[in-house]
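Chemist: Input run-v5.cif, format and content: mmCIF, C-alpha atoms and all ligand atoms.
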```
data_work
#
loop_
_atom_site.group_PDB
_atom_site.id
_atom_site.type_symbol
_atom_site.label_atom_id
_atom_site.label_comp_id
_atom_site.auth_asym_id
_atom_site.auth_seq_id
_atom_site.Cartn_x
_atom_site.Cartn_y
_atom_site.Cartn_z
ATOM 1 C CA MET G 124 0.000 0.000 0.000
ATOM 2 C CA ALA G 125 2.787 2.436 0.905
ATOM 3 C CA ALA G 126 4.609 1.735 -2.354
ATOM 4 C CA THR G 127 1.374 1.971 -4.331
ATOM 5 C CA MET G 128 0.500 5.297 -2.729
ATOM 6 C CA ALA G 129 3.915 6.651 -3.708
ATOM 7 C CA THR G 130 3.441 5.449 -7.284
ATOM 8 C CA THR G 131 0.110 7.268 -7.647
ATOM 9 C CA GLY G 132 1.691 10.620 -6.722
ATOM 10 C CA LEU G 133 -1.525 11.521 -4.913
ATOM 11 C CA ALA G 134 -0.146 12.398 -1.451
ATOM 12 C CA PRO G 135 2.077 15.459 -2.111
ATOM 13 C CA GLY G 136 0.250 18.748 -1.477
ATOM 14 C CA ASN G 137 -3.020 17.034 -0.648
ATOM 15 C CA ARG G 138 -5.285 16.542 2.393
ATOM 16 C CA VAL G 139 -4.878 12.888 3.403
ATOM 17 C CA ALA G 140 -6.890 10.716 5.799
ATOM 18 C CA ASP G 141 -5.681 7.330 7.046
ATOM 19 C CA LEU G 142 -8.611 5.290 8.384
ATOM 20 C CA CYS G 143 -7.804 2.368 10.733
ATOM 21 C CA THR G 144 -4.283 3.766 11.080
ATOM 22 C CA GLY G 145 -2.915 1.187 13.569
ATOM 23 C CA SER G 146 0.799 1.942 13.953
ATOM 24 C CA GLY G 147 0.336 4.986 11.710
ATOM 25 C CA VAL G 148 2.673 3.634 9.064
ATOM 26 C CA LEU G 149 0.592 4.808 6.094
ATOM 27 C CA ALA G 150 -0.177 8.198 7.637
ATOM 28 C CA ILE G 151 3.522 8.740 8.333
ATOM 29 C CA GLU G 152 4.437 7.739 4.786
ATOM 30 C CA ALA G 153 1.851 10.191 3.391
ATOM 31 C CA ALA G 154 3.356 12.966 5.521
ATOM 32 C CA ARG G 155 6.871 12.017 4.379
ATOM 33 C CA LEU G 156 5.714 12.205 0.777
ATOM 34 C CA GLY G 157 4.674 15.828 1.341
ATOM 35 C CA ALA G 158 0.949 15.739 2.100
ATOM 36 C CA GLU G 159 -0.497 19.154 2.992
ATOM 37 C CA SER G 160 -2.161 17.590 6.055
ATOM 38 C CA VAL G 161 -2.605 14.067 7.403
ATOM 39 C CA THR G 162 -5.425 13.036 9.736
ATOM 40 C CA ALA G 163 -5.360 9.491 11.109
ATOM 41 C CA PHE G 164 -8.251 7.637 12.758
ATOM 42 C CA ASP G 165 -8.354 4.517 14.919
ATOM 43 C CA LEU G 166 -10.815 3.181 17.489
ATOM 44 C CA SER G 167 -8.065 1.739 19.677
ATOM 45 C CA GLY G 168 -6.466 3.981 22.283
ATOM 46 C CA GLU G 169 -3.308 1.861 22.131
ATOM 47 C CA ALA G 170 -3.100 2.274 18.364
ATOM 48 C CA VAL G 171 -3.584 6.035 18.676
ATOM 49 C CA ALA G 172 -0.788 6.285 21.250
ATOM 50 C CA CYS G 173 1.454 4.110 19.070
ATOM 51 C CA ALA G 174 0.761 6.158 15.920
ATOM 52 C CA ARG G 175 1.425 9.439 17.763
ATOM 53 C CA THR G 176 4.717 8.107 19.104
ATOM 54 C CA ASN G 177 5.747 6.811 15.687
ATOM 55 C CA ALA G 178 4.856 10.097 13.949
ATOM 56 C CA ALA G 179 6.876 12.070 16.503
ATOM 57 C CA ALA G 180 9.824 9.683 16.092
ATOM 58 C CA ALA G 181 9.604 10.087 12.326
ATOM 59 C CA GLY G 182 9.560 13.880 12.713
ATOM 60 C CA VAL G 183 6.292 14.378 10.821
ATOM 61 C CA VAL G 184 2.992 16.012 11.743
ATOM 62 C CA VAL G 185 -0.007 13.678 11.840
ATOM 63 C CA ASP G 186 -3.267 14.572 13.597
ATOM 64 C CA VAL G 187 -4.121 11.198 15.185
ATOM 65 C CA ARG G 188 -7.663 10.844 16.534
ATOM 66 C CA GLN G 189 -9.301 8.085 18.562
ATOM 67 C CA GLU G 190 -12.339 7.873 16.357
ATOM 68 C CA SER G 191 -14.147 5.408 14.117
ATOM 69 C CA PHE G 192 -13.814 5.534 10.349
ATOM 70 C CA ARG G 193 -17.606 5.954 10.460
ATOM 71 C CA THR G 194 -17.343 9.567 11.656
ATOM 72 C CA ALA G 195 -14.182 10.536 9.760
ATOM 73 C CA ALA G 196 -16.229 12.269 7.037
ATOM 74 C CA LEU G 197 -17.111 14.965 9.569
ATOM 75 C CA SER G 198 -13.433 16.009 9.480
ATOM 76 C CA GLY G 199 -13.286 15.990 5.677
ATOM 77 C CA PRO G 200 -13.428 16.292 2.794
ATOM 78 C CA PHE G 201 -10.109 14.669 1.905
ATOM 79 C CA ASP G 202 -8.237 14.506 -1.388
ATOM 80 C CA LEU G 203 -6.787 11.084 -0.589
ATOM 81 C CA VAL G 204 -8.218 8.495 1.802
ATOM 82 C CA LEU G 205 -6.092 5.482 2.755
ATOM 83 C CA CYS G 206 -7.416 2.402 4.505
ATOM 84 C CA ASN G 207 -5.880 -0.916 5.516
ATOM 85 C CA PRO G 208 -8.866 -2.138 7.542
ATOM 86 C CA PRO G 209 -9.507 -5.335 9.493
ATOM 87 C CA TYR G 210 -10.656 -7.842 6.827
ATOM 88 C CA VAL G 211 -9.938 -11.347 8.110
ATOM 89 C CA PRO G 212 -13.000 -13.626 8.081
ATOM 90 C CA CYS G 213 -13.707 -15.092 11.531
ATOM 91 C CA PRO G 214 -16.162 -17.718 12.775
ATOM 92 C CA GLU G 215 -19.095 -16.587 14.959
ATOM 93 C CA ASP G 216 -17.648 -18.788 17.716
ATOM 94 C CA PRO G 217 -13.928 -17.943 18.202
ATOM 95 C CA GLU G 218 -13.382 -21.398 19.728
ATOM 96 C CA VAL G 219 -13.994 -22.946 16.299
ATOM 97 C CA ALA G 220 -10.612 -21.632 15.087
ATOM 98 C CA PRO G 221 -8.734 -20.055 17.998
ATOM 99 C CA VAL G 222 -5.731 -17.858 17.198
ATOM 100 C CA PRO G 223 -2.525 -17.917 19.284
ATOM 101 C CA ALA G 224 -2.881 -15.866 22.498
ATOM 102 C CA ASN G 225 0.018 -13.491 21.742
ATOM 103 C CA ILE G 226 -1.225 -12.368 18.354
ATOM 104 C CA GLY G 227 -2.588 -8.939 19.318
ATOM 105 C CA PRO G 228 -6.079 -7.469 19.515
ATOM 106 C CA ALA G 229 -8.798 -9.026 17.365
ATOM 107 C CA LEU G 230 -10.036 -5.472 16.590
ATOM 108 C CA ALA G 231 -7.012 -5.174 14.284
ATOM 109 C CA TYR G 232 -7.926 -8.101 12.033
ATOM 110 C CA ASP G 233 -11.312 -9.761 12.703
ATOM 111 C CA ALA G 234 -14.115 -8.609 10.419
ATOM 112 C CA GLY G 235 -17.033 -11.034 10.737
ATOM 113 C CA PRO G 236 -17.718 -14.326 8.934
ATOM 114 C CA ASP G 237 -17.239 -12.810 5.450
ATOM 115 C CA GLY G 238 -14.470 -10.370 6.419
ATOM 116 C CA ARG G 239 -16.570 -7.395 5.337
ATOM 117 C CA LEU G 240 -17.593 -5.841 8.673
ATOM 118 C CA VAL G 241 -15.570 -2.697 7.911
ATOM 119 C CA LEU G 242 -15.282 -3.012 4.114
ATOM 120 C CA ASP G 243 -19.034 -2.825 3.435
ATOM 121 C CA PRO G 244 -19.798 0.367 5.383
ATOM 122 C CA LEU G 245 -16.518 1.910 4.282
ATOM 123 C CA CYS G 246 -17.212 1.327 0.575
ATOM 124 C CA ALA G 247 -20.755 2.662 0.967
ATOM 125 C CA ALA G 248 -19.523 5.826 2.720
ATOM 126 C CA ALA G 249 -16.467 6.474 0.535
ATOM 127 C CA PRO G 250 -17.952 9.388 -1.480
ATOM 128 C CA ASP G 251 -18.814 11.232 1.762
ATOM 129 C CA LEU G 252 -15.132 11.255 2.680
ATOM 130 C CA LEU G 253 -13.812 12.526 -0.642
ATOM 131 C CA GLY G 254 -13.583 16.019 -2.072
ATOM 132 C CA ASP G 255 -13.818 16.907 -5.775
ATOM 133 C CA GLU G 256 -11.421 14.632 -7.675
ATOM 134 C CA GLY G 257 -10.694 12.723 -4.450
ATOM 135 C CA THR G 258 -9.336 9.174 -4.356
ATOM 136 C CA LEU G 259 -9.668 6.217 -2.006
ATOM 137 C CA LEU G 260 -6.859 3.633 -1.786
ATOM 138 C CA LEU G 261 -8.041 0.503 -0.008
ATOM 139 C CA VAL G 262 -6.134 -2.696 0.869
ATOM 140 C CA GLN G 263 -7.845 -6.047 1.290
ATOM 141 C CA SER G 264 -7.416 -9.762 0.840
ATOM 142 C CA GLU G 265 -8.987 -11.787 -1.958
ATOM 143 C CA LEU G 266 -10.506 -13.891 0.853
ATOM 144 C CA CYS G 267 -13.087 -11.213 1.684
ATOM 145 C CA GLY G 268 -14.426 -10.480 -1.773
ATOM 146 C CA ILE G 269 -12.695 -8.218 -4.278
ATOM 147 C CA ASP G 270 -15.744 -8.007 -6.563
ATOM 148 C CA ALA G 271 -17.976 -7.120 -3.602
ATOM 149 C CA SER G 272 -15.820 -4.057 -2.886
ATOM 150 C CA LEU G 273 -15.617 -3.017 -6.551
ATOM 151 C CA ARG G 274 -19.403 -3.390 -6.980
ATOM 152 C CA SER G 275 -20.131 -1.483 -3.787
ATOM 153 C CA LEU G 276 -17.779 1.387 -4.684
ATOM 154 C CA ARG G 277 -19.111 1.595 -8.252
ATOM 155 C CA ALA G 278 -22.686 1.621 -6.914
ATOM 156 C CA THR G 279 -21.846 4.905 -5.151
ATOM 157 C CA GLY G 280 -20.738 6.441 -8.462
ATOM 158 C CA LEU G 281 -16.978 6.126 -7.911
ATOM 159 C CA LYS G 282 -14.682 4.735 -10.621
ATOM 160 C CA ALA G 283 -13.018 1.714 -8.998
ATOM 161 C CA SER G 284 -10.377 -0.793 -10.102
ATOM 162 C CA VAL G 285 -7.611 -2.994 -8.694
ATOM 163 C CA ILE G 286 -4.245 -1.250 -9.168
ATOM 164 C CA ALA G 287 -1.848 -3.560 -7.271
ATOM 165 C CA ARG G 288 -1.679 -7.244 -6.356
ATOM 166 C CA GLN G 289 0.715 -9.238 -4.201
ATOM 167 C CA TRP G 290 0.763 -12.881 -3.063
ATOM 168 C CA ILE G 291 1.936 -13.437 0.503
ATOM 169 C CA PRO G 292 2.218 -16.515 2.746
ATOM 170 C CA PHE G 293 -0.374 -16.869 5.528
ATOM 171 C CA GLY G 294 0.495 -15.168 8.799
ATOM 172 C CA PRO G 295 -0.423 -16.679 12.177
ATOM 173 C CA VAL G 296 -4.112 -15.635 12.143
ATOM 174 C CA LEU G 297 -4.912 -17.119 8.731
ATOM 175 C CA THR G 298 -2.837 -20.190 9.522
ATOM 176 C CA ALA G 299 -5.021 -20.761 12.598
ATOM 177 C CA ARG G 300 -8.170 -20.159 10.503
ATOM 178 C CA ALA G 301 -7.117 -22.168 7.413
ATOM 179 C CA ARG G 302 -9.141 -25.323 8.104
ATOM 180 C CA TRP G 303 -12.224 -23.277 8.966
ATOM 181 C CA LEU G 304 -11.801 -21.168 5.799
ATOM 182 C CA GLU G 305 -11.520 -24.372 3.758
ATOM 183 C CA SER G 306 -14.731 -25.667 5.360
ATOM 184 C CA THR G 307 -16.588 -22.489 4.322
ATOM 185 C CA GLY G 308 -15.390 -22.783 0.719
ATOM 186 C CA ARG G 309 -13.518 -19.463 0.906
ATOM 187 C CA LEU G 310 -10.113 -21.126 0.634
ATOM 188 C CA PRO G 311 -9.089 -23.836 -1.821
ATOM 189 C CA VAL G 312 -8.073 -26.922 0.174
ATOM 190 C CA GLY G 313 -4.347 -26.983 0.900
ATOM 191 C CA ARG G 314 -3.560 -23.396 -0.166
ATOM 192 C CA ARG G 315 -1.697 -21.358 2.440
ATOM 193 C CA THR G 316 -1.072 -18.131 0.512
ATOM 194 C CA GLU G 317 -3.386 -15.183 -0.089
ATOM 195 C CA GLN G 318 -3.471 -12.407 -2.617
ATOM 196 C CA LEU G 319 -3.575 -8.878 -1.229
ATOM 197 C CA ILE G 320 -4.826 -6.147 -3.515
ATOM 198 C CA VAL G 321 -5.077 -2.364 -3.555
ATOM 199 C CA ILE G 322 -8.278 -0.857 -4.930
ATOM 200 C CA ARG G 323 -8.247 2.685 -6.261
ATOM 201 C CA ALA G 324 -11.603 4.482 -6.327
ATOM 202 C CA ASP G 325 -11.860 7.978 -7.838
ATOM 203 C CA VAL G 326 -14.542 10.638 -7.834
ATOM 204 C CA PRO G 327 -15.335 10.874 -11.568
HETATM 205 C C1 LIG V 1 -5.022 -3.990 9.882
HETATM 206 S S1 LIG V 1 -4.898 -2.862 11.219
HETATM 207 C C2 LIG V 1 -4.260 -1.429 10.427
HETATM 208 C C3 LIG V 1 -2.838 -1.369 10.235
HETATM 209 C C4 LIG V 1 -2.276 -0.122 9.610
HETATM 210 N N1 LIG V 1 -3.254 0.709 8.915
HETATM 211 C C5 LIG V 1 -1.233 -0.557 8.623
HETATM 212 O O1 LIG V 1 -1.378 -0.312 7.438
HETATM 213 O O2 LIG V 1 -0.283 -1.182 9.061
HETATM 214 C C6 LIG V 1 -6.557 -2.353 11.437
HETATM 215 C C7 LIG V 1 -6.743 -1.213 12.446
HETATM 216 O O3 LIG V 1 -8.126 -0.842 12.377
HETATM 217 C C8 LIG V 1 -8.529 -0.411 13.663
HETATM 218 N N2 LIG V 1 -9.997 -0.416 13.670
HETATM 219 C C9 LIG V 1 -10.834 -1.474 13.767
HETATM 220 N N3 LIG V 1 -12.121 -1.085 13.666
HETATM 221 C C10 LIG V 1 -12.083 0.278 13.483
HETATM 222 C C11 LIG V 1 -13.080 1.284 13.311
HETATM 223 N N4 LIG V 1 -14.386 0.970 13.326
HETATM 224 N N5 LIG V 1 -12.692 2.570 13.145
HETATM 225 C C12 LIG V 1 -11.372 2.890 13.164
HETATM 226 N N6 LIG V 1 -10.383 1.990 13.337
HETATM 227 C C13 LIG V 1 -10.730 0.701 13.494
HETATM 228 C C14 LIG V 1 -7.832 -1.363 14.608
HETATM 229 O O4 LIG V 1 -7.719 -0.834 15.893
HETATM 230 C C15 LIG V 1 -6.468 -1.542 13.891
HETATM 231 O O5 LIG V 1 -5.520 -0.642 14.415
#
```
As structure tokens - that is how I would like this structure written.
Ligand SMILES: C[S@@+](CC[C@H](N)C(=O)[O-])C[C@H]1O[C@@H](n2cnc3c(N)ncnc32)[C@H](O)[C@@H]1O
Modeler:
Amino acid sequence: MAATMATTGLAPGNRVADLCTGSGVLAIEAARLGAESVTAFDLSGEAVACARTNAAAAGVVVDVRQESFRTAALSGPFDLVLCNPPYVPCPEDPEVAPVPANIGPALAYDAGPDGRLVLDPLCAAAPDLLGDEGTLLLVQSELCGIDASLRSLRATGLKASVIARQWIPFGPVLTARARWLESTGRLPVGRRTEQLIVIRADVP
């Protein structure tokens, strides 16, 4: 996502929002690239503290807010919106496919049985976040429905397409969920890699 953002040339001189900022890595990169302003949002107080510390250590200005992506539009509009949301499918009963205890907060990765708990409302609300000629860059896995995101974004009137793809090996969460994902038909039996993609959605 960071490399893709740099390739688009959309951060310099623009108002950037990073939704679900986590460590702040994308917000910090946008600031480094010369964004006019960067506002970062995360529900987690620990993530907000971490992102503030990381921005200060990097010597860049990022306005980090403990706030849901759902209310970020009130601080807009933005020229560029970045989002690497939670998108890992999870069973209703966590005991069906428990993840290792030291893996970090589920808020950072779990996104309901289809992985779309954040993606669906985010795609539907994308135009509210964007100014004239604004752009959303969104990261997700193939395992939570690429076409569903493209359809949802296009239904709002945005022009949306996949602009980057990368195969990666499963991390610890997907490794723990692999059998369950196979049983739901979301994962071909025996595969332990996933494709991550970046969607670009533009105000026409
Ligand atoms: C995959 S992590 C993001 C990592 C970071 N953006 C990056 O690129 O490395 C997802 C983040 O979304 C946050 N989050 C989950 N639900 C949220 C919501 N409704 N509004 C804002 N942030 C949320 C979590 O606290 C977590 O920090």
Chemist: Excluding same-chain residues fewer than 5 positions from Leu242 in chain G, what lies within 12 Å of it counting all atoms listed in the file, as a ChimeraX atom specification?
Modeler: /G:142-143,192-193,206-212,232-235,237,247-249,261-264,267-276,322
Chemist: Show me which residues line ligand LIG 1 (chain V), defined as having an atom within 10 Å of a ligand atom where all atoms listed in the file count, and present them as a ChimeraX atom specification.
Modeler: /G:124-125,141-150,163-171,173-174,188-195,205-211,227-234,240-241,244-245,262-263
Chemist: What does the PyMOL selection byres (((chain G and resi 289-302) around 6) and not hetatm) select in this file, as an NGL selection string?
Modeler: :G and (220 or 222 or 288 or 303-305 or 315-319)
Chemist: Could you check which of G:Val184, G:Leu266, G:Leu156, G:Ile320 is closest to Ala287 in chain G, using all atoms listed in the file?
Modeler: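 Among the listed residues, G:Ile320 lies closest to Ala287 in chain G.
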Chemist: Record the distance separating CA of Thr162 in chain G and CA of Val321 in chain G, expressed in Å with one decimal.
Modeler: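 Interatomic distance here is 20.3 Å.
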